[in-house]
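Have a look at the structure below, then the notes.
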Amino acid sequence: MPETYDKTPDQHGYYGAYGGKFVPEVLIPALDELEAAYLTAKSDPDFRSELDAVLKEYSGRPTPLTFAERLTQKLGGAKIYLKREDLNHTGAHKINNALGQILLAQRMGKKRIIAETGAGQHGVAVATVAAKLGLQCVVYMGVQDTQRQALNVFRMRLLGAEVRPVTTGSRTLKDAINEAIRDWVTNVADTFYLIGSVVGPHPYPQIVRDFQAVIGQETRRQFMARAGRLPDSVIACVGGGSNAMGMFYPFLQDKNVRLIGVEAGGLGVATDQHAATLSAGSVGVLHGAMSYLLQNEDGQVQEAHSISAGLDYPGVGPEHSFLKDAGRVEYYAVDDKEALEAFVLLSRTEGIIPALETAHAIAHLVTVVPGMPADESVVLCLSGRGDKDVHSVRERLDLDASGSTK
Amino acid sequence: MSRLAKLIQHKVAQSEKILSVFLTAGYPEPEATAEVVFRLEAAGVDFVELGIPFSDPIADGPTIQESSQQALDSGMTLPGALHLVENIRRHSELPIVLMGYLNPMLKYGLARLVDTAATAGVDGFIIPDLLPEASARIAPAFENATVGLNFLVSPNTAEDRIKKVAGMTRDFLYCVSVTGVSGARKSVSEETLAFLQRTRSWADGTPCFAGFGIASGKVAAEISRHCDGVIVGSAVIKLLAGGEPLHLKLNRVSDFIAELKASLKGVGHGH
């Protein structure tokens, strides 16, 4: 087991055995250019202060750390705190990374931004920051996702982005990424590919993690100010894994802080209808990186399934694969039904409607918190708000006039 | 010496251009692929690349994506493609290179793959998402194998990198002639010609084959002035698409290959 977990990736972009660059040769100059620009920006105080300013004045950071009093009482165990990424502009943590990368794109003189989106949260965040900076924006979205997240398609178009429905393969996030990569391969000279999660070829997993690390940094500071110590456990949902990586990264060296990632179990990890890549997948290469993925015995990538479009991805960020094997982060899966129950639970105990993605992490709290002593504390990354999911949840949840489920 | 290495040596010595065709294994139907290969050989194609279908072909345009999906749907796999080569070898010594994305090969096991491929009669590999650096790190099995790995370069690849990759590739450099995905294109740009010209001058004698976008005898002739051979993919796949009887499609493929051969014949070994 490694002594340090946060000195990653190595100079070739690997997190232990994971990560790297598994892409067509044509993308090498672009990845090299991106890496050089990122390293320069990272050590440039002007870039940092420019980013800090937009995070504060545009997105509303720092986001609060909220004590979930009634949920804590109800579960009867450790105290539960919520890191309120849902209160960001556009309603999720995705904007942290979108702002960081678009400032980088601007520094690099790129005029055209492309992105992929699953649930539409990243697409909306990118369309938003592209509008703010006056850059051309094209978002690829699986046609299946454009149907289940029709309102987000309209939002992106309202913001001036072009949404291109993807009709190839499984017509979801995985195929939207394929199509975005094909666009990038073709228009590599003037186009910036703004990836939305800690996936893809090096240096993307590092860049996205670093821009999302603001979540964990603030959480440390806020919890410390409140309790004079660090939380005992930190928990986050994992699809590609960007909110979790941003939350976990600043805690990796605090070995007493238990880190828990929660994947989408879909109809159950024993079925072939889930998105629990780390819990039930195997190692391979997808979208430019070596990592765990869902694949069949012939190495064909399988379709994922989750009630949450944002977790519906057969891959996962390479750093999560590294942290799983190293034993530093525990990963569990929660199924669609449990997530839906947790969606209702948080709405009714705290008056916060969470994103369905986040609801998976909440469902896991329901399992583990009662077993944690009352003098312990757990922080949950409330990665996004659930407004976008209300429509699809309504189709599954029949509430009568008194609010009871039928 | 592999069939491929012998072919290249012979053709270069004769100052003749090499014509290669890419074909998705299992396309247009699993039983038809071998027949297509025999027809290509009869029409004068020098070697074929058999594509291993993959669920996520990020470097390919719509034509090869569709052929790949169709082959997957009809049950083609990497082991299936290796069997296909074995079957072809009963009747033919045409050099065959397997071209496919890394993941199915990783799943199969790279050490096992190089052995099985050698036994089946494969003459080389092309893996568009395995760069030379990554290959050295995770795929050492290819280095001393009888069946070697051939790398790709692009119009935006820097001089020092082309020189390095030319030194690492087994039999040839695959020059991706456009910045983009695979697919037939109508014309050839000045940039493409300039790219091929400089690549060949930097490759220090490593044979350079140009692929991606070559769809007519005219384009093949223009391009081959600046390289050692051309690889045609989508244009042939298109001729094999649709519901017509196979023999009619094969006749059209033969005619197209004849057109390409005629165009390449007139091209001198220009530098």
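By order of appearance in the structure tokens: chains A, B, ..., then residues from 1 within every chain, and ligands from 1 in the order shown.
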Give the strand (DSSP E) residues of stretch 19-198 of chain B, as assigned by DSSP on the backbone, as JSON, numbers by chain. {"B": [19, 20, 21, 22, 23, 24, 47, 48, 49, 50, 51, 52, 96, 97, 98, 99, 100, 124, 125, 126, 149, 150, 152, 153, 173, 174, 175, 176]}
Check: which chain A residues lie within 8 Å of chain B using only C-alpha atoms, as a count of residues only: 29
Near-stretch 227-238 of chain A list (8 Å; only C-alpha atoms; drop same-chain fewer than 6 positions) as a PyMOL selection string: chain A and resi 220+244+247-248+256-264+311+316+357-358+360-361+376-383
So that I can check the surroundings of B:Ile162, please list as a list in words every protein, DNA and RNA residue that reaches within 8 Å of it, counting only C-alpha atoms and ignoring chain neighbours fewer than 2 positions away.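 Close residues of B:Ile162: Val153, Thr157, Ala158, Glu159, Asp160, Lys164, Val165, Ala166, Thr199, Trp202 and Ala203 of chain B.
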For A:Ala92, list every protein, DNA or RNA residue within 9 Å, evaluated using only C-alpha atoms, and leave out those in the same chain fewer than 2 positions away; present the list as a PyMOL selection string. chain A and resi 84-90+94-96+121-122+125+355+382-385
Those same residues - all heavy atoms - I'd like them written as a CSV table (one decimal), in the first residue's frame.
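Result file result-v8.csv:
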chain,number,residue,atom,x,y,z
A,84,ARG,N,-22.9,21.8,0.5
A,84,ARG,CA,-24.0,22.2,-0.4
A,84,ARG,C,-23.6,22.6,-1.8
A,84,ARG,O,-23.8,23.8,-2.2
A,84,ARG,CB,-24.8,23.3,0.3
A,84,ARG,CG,-25.4,22.9,1.7
A,84,ARG,CD,-26.5,21.9,1.6
A,84,ARG,NE,-27.5,22.3,0.7
A,84,ARG,CZ,-28.5,23.2,1.0
A,84,ARG,NH1,-28.5,23.6,2.3
A,84,ARG,NH2,-29.4,23.5,0.2
A,85,GLU,N,-23.1,21.7,-2.6
A,85,GLU,CA,-22.7,22.0,-4.0
A,85,GLU,C,-24.0,22.3,-4.8
A,85,GLU,O,-23.9,22.9,-5.9
A,85,GLU,CB,-21.9,20.8,-4.6
A,85,GLU,CG,-20.6,20.7,-4.0
A,85,GLU,CD,-19.7,22.0,-4.1
A,85,GLU,OE1,-19.5,22.4,-5.2
A,85,GLU,OE2,-19.3,22.5,-3.0
A,86,ASP,N,-25.2,21.9,-4.3
A,86,ASP,CA,-26.4,22.2,-5.0
A,86,ASP,C,-26.7,23.7,-5.0
A,86,ASP,O,-27.5,24.1,-5.8
A,86,ASP,CB,-27.6,21.5,-4.3
A,86,ASP,CG,-27.8,21.9,-2.8
A,86,ASP,OD1,-26.7,22.0,-2.1
A,86,ASP,OD2,-28.9,22.1,-2.4
A,87,LEU,N,-26.0,24.4,-4.1
A,87,LEU,CA,-26.3,25.9,-4.1
A,87,LEU,C,-25.4,26.7,-5.1
A,87,LEU,O,-25.5,27.9,-5.2
A,87,LEU,CB,-26.1,26.4,-2.7
A,87,LEU,CG,-27.2,25.9,-1.7
A,87,LEU,CD1,-27.0,26.4,-0.3
A,87,LEU,CD2,-28.6,26.3,-2.2
A,88,ASN,N,-24.5,25.9,-5.8
A,88,ASN,CA,-23.8,26.6,-6.9
A,88,ASN,C,-24.7,27.1,-8.0
A,88,ASN,O,-25.8,26.6,-8.2
A,88,ASN,CB,-22.8,25.6,-7.5
A,88,ASN,CG,-21.5,25.5,-6.9
A,88,ASN,OD1,-20.8,26.5,-6.7
A,88,ASN,ND2,-21.2,24.3,-6.5
A,89,HIS,N,-24.2,28.1,-8.7
A,89,HIS,CA,-24.9,28.5,-9.9
A,89,HIS,C,-25.0,27.3,-10.8
A,89,HIS,O,-24.1,26.5,-10.9
A,89,HIS,CB,-24.0,29.6,-10.6
A,89,HIS,CG,-24.7,30.1,-11.9
A,89,HIS,ND1,-26.0,30.4,-12.0
A,89,HIS,CD2,-24.1,30.4,-13.1
A,89,HIS,CE1,-26.3,30.8,-13.2
A,89,HIS,NE2,-25.1,30.9,-13.9
A,90,THR,N,-26.1,27.1,-11.4
A,90,THR,CA,-26.5,26.0,-12.3
A,90,THR,C,-26.8,24.7,-11.5
A,90,THR,O,-27.1,23.7,-12.0
A,90,THR,CB,-25.6,25.7,-13.4
A,90,THR,OG1,-24.4,25.1,-12.9
A,90,THR,CG2,-25.3,26.9,-14.3
A,94,LYS,N,-20.7,20.8,-11.0
A,94,LYS,CA,-20.1,20.8,-12.4
A,94,LYS,C,-19.5,22.1,-12.8
A,94,LYS,O,-18.6,22.2,-13.5
A,94,LYS,CB,-21.2,20.3,-13.4
A,94,LYS,CG,-21.6,18.9,-13.3
A,94,LYS,CD,-20.5,17.9,-13.7
A,94,LYS,CE,-20.9,16.5,-13.6
A,94,LYS,NZ,-19.8,15.6,-13.9
A,95,ILE,N,-20.1,23.2,-12.2
A,95,ILE,CA,-19.7,24.5,-12.6
A,95,ILE,C,-18.2,24.8,-12.2
A,95,ILE,O,-17.5,25.6,-12.8
A,95,ILE,CB,-20.6,25.6,-12.1
A,95,ILE,CG1,-20.4,27.0,-12.7
A,95,ILE,CG2,-20.5,25.7,-10.6
A,95,ILE,CD1,-21.2,27.3,-13.9
A,96,ASN,N,-17.8,24.2,-11.1
A,96,ASN,CA,-16.4,24.4,-10.6
A,96,ASN,C,-15.4,24.1,-11.7
A,96,ASN,O,-14.5,24.9,-11.9
A,96,ASN,CB,-16.1,23.5,-9.4
A,96,ASN,CG,-17.1,23.7,-8.2
A,96,ASN,OD1,-17.6,24.8,-8.0
A,96,ASN,ND2,-17.3,22.6,-7.5
A,121,GLN,N,-26.3,18.2,-16.7
A,121,GLN,CA,-25.7,19.1,-15.7
A,121,GLN,C,-24.4,19.7,-16.2
A,121,GLN,O,-24.2,20.9,-16.1
A,121,GLN,CB,-25.5,18.5,-14.4
A,121,GLN,CG,-26.8,18.1,-13.6
A,121,GLN,CD,-27.8,19.3,-13.6
A,121,GLN,OE1,-28.7,19.4,-14.4
A,121,GLN,NE2,-27.6,20.2,-12.6
A,122,HIS,N,-23.5,18.8,-16.7
A,122,HIS,CA,-22.3,19.4,-17.2
A,122,HIS,C,-22.5,20.2,-18.5
A,122,HIS,O,-21.9,21.2,-18.6
A,122,HIS,CB,-21.3,18.2,-17.5
A,122,HIS,CG,-20.0,18.6,-18.1
A,122,HIS,ND1,-19.2,19.6,-17.6
A,122,HIS,CD2,-19.5,18.3,-19.4
A,122,HIS,CE1,-18.1,19.8,-18.4
A,122,HIS,NE2,-18.3,19.0,-19.5
A,125,ALA,N,-23.7,23.5,-17.5
A,125,ALA,CA,-22.6,24.3,-16.9
A,125,ALA,C,-21.6,24.8,-18.0
A,125,ALA,O,-21.2,26.0,-17.9
A,125,ALA,CB,-21.8,23.4,-15.9
A,355,ALA,N,-30.2,15.9,-6.2
A,355,ALA,CA,-30.1,15.2,-7.5
A,355,ALA,C,-30.2,13.7,-7.2
A,355,ALA,O,-29.8,13.2,-6.2
A,355,ALA,CB,-28.8,15.6,-8.1
A,382,LEU,N,-23.3,17.0,-1.2
A,382,LEU,CA,-24.6,17.1,-1.8
A,382,LEU,C,-24.3,17.7,-3.2
A,382,LEU,O,-24.4,18.9,-3.4
A,382,LEU,CB,-25.5,18.0,-1.0
A,382,LEU,CG,-26.9,17.8,-1.3
A,382,LEU,CD1,-27.5,16.7,-0.4
A,382,LEU,CD2,-27.8,19.0,-1.3
A,383,SER,N,-24.0,16.8,-4.1
A,383,SER,CA,-23.4,17.3,-5.4
A,383,SER,C,-24.3,18.1,-6.3
A,383,SER,O,-23.8,19.0,-7.0
A,383,SER,CB,-22.9,16.1,-6.2
A,383,SER,OG,-23.9,15.1,-6.3
A,384,GLY,N,-25.6,17.9,-6.1
A,384,GLY,CA,-26.5,18.7,-7.0
A,384,GLY,C,-27.9,18.7,-6.5
A,384,GLY,O,-28.3,17.9,-5.7
A,385,ARG,N,-28.7,19.7,-7.0
A,385,ARG,CA,-30.1,19.7,-6.6
A,385,ARG,C,-30.9,18.9,-7.5
A,385,ARG,O,-30.6,18.7,-8.7
A,385,ARG,CB,-30.5,21.2,-6.5
A,385,ARG,CG,-30.6,21.9,-7.8
A,385,ARG,CD,-31.1,23.3,-7.7
A,385,ARG,NE,-31.2,24.0,-8.9
A,385,ARG,CZ,-30.8,25.2,-9.2
A,385,ARG,NH1,-30.2,25.9,-8.3
A,385,ARG,NH2,-30.9,25.7,-10.4
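Going from atom CA of B:Ala184 to atom CA of B:Pro207 covers 22.9 Å.
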Residues of stretch 34-260 of chain B in alpha helix (DSSP H) according to DSSP, as a PyMOL selection string? chain B and resi 34-42+62-73+78-89+102-108+110-120+132-138+159-168+190-202+217-224+234-240+246-260
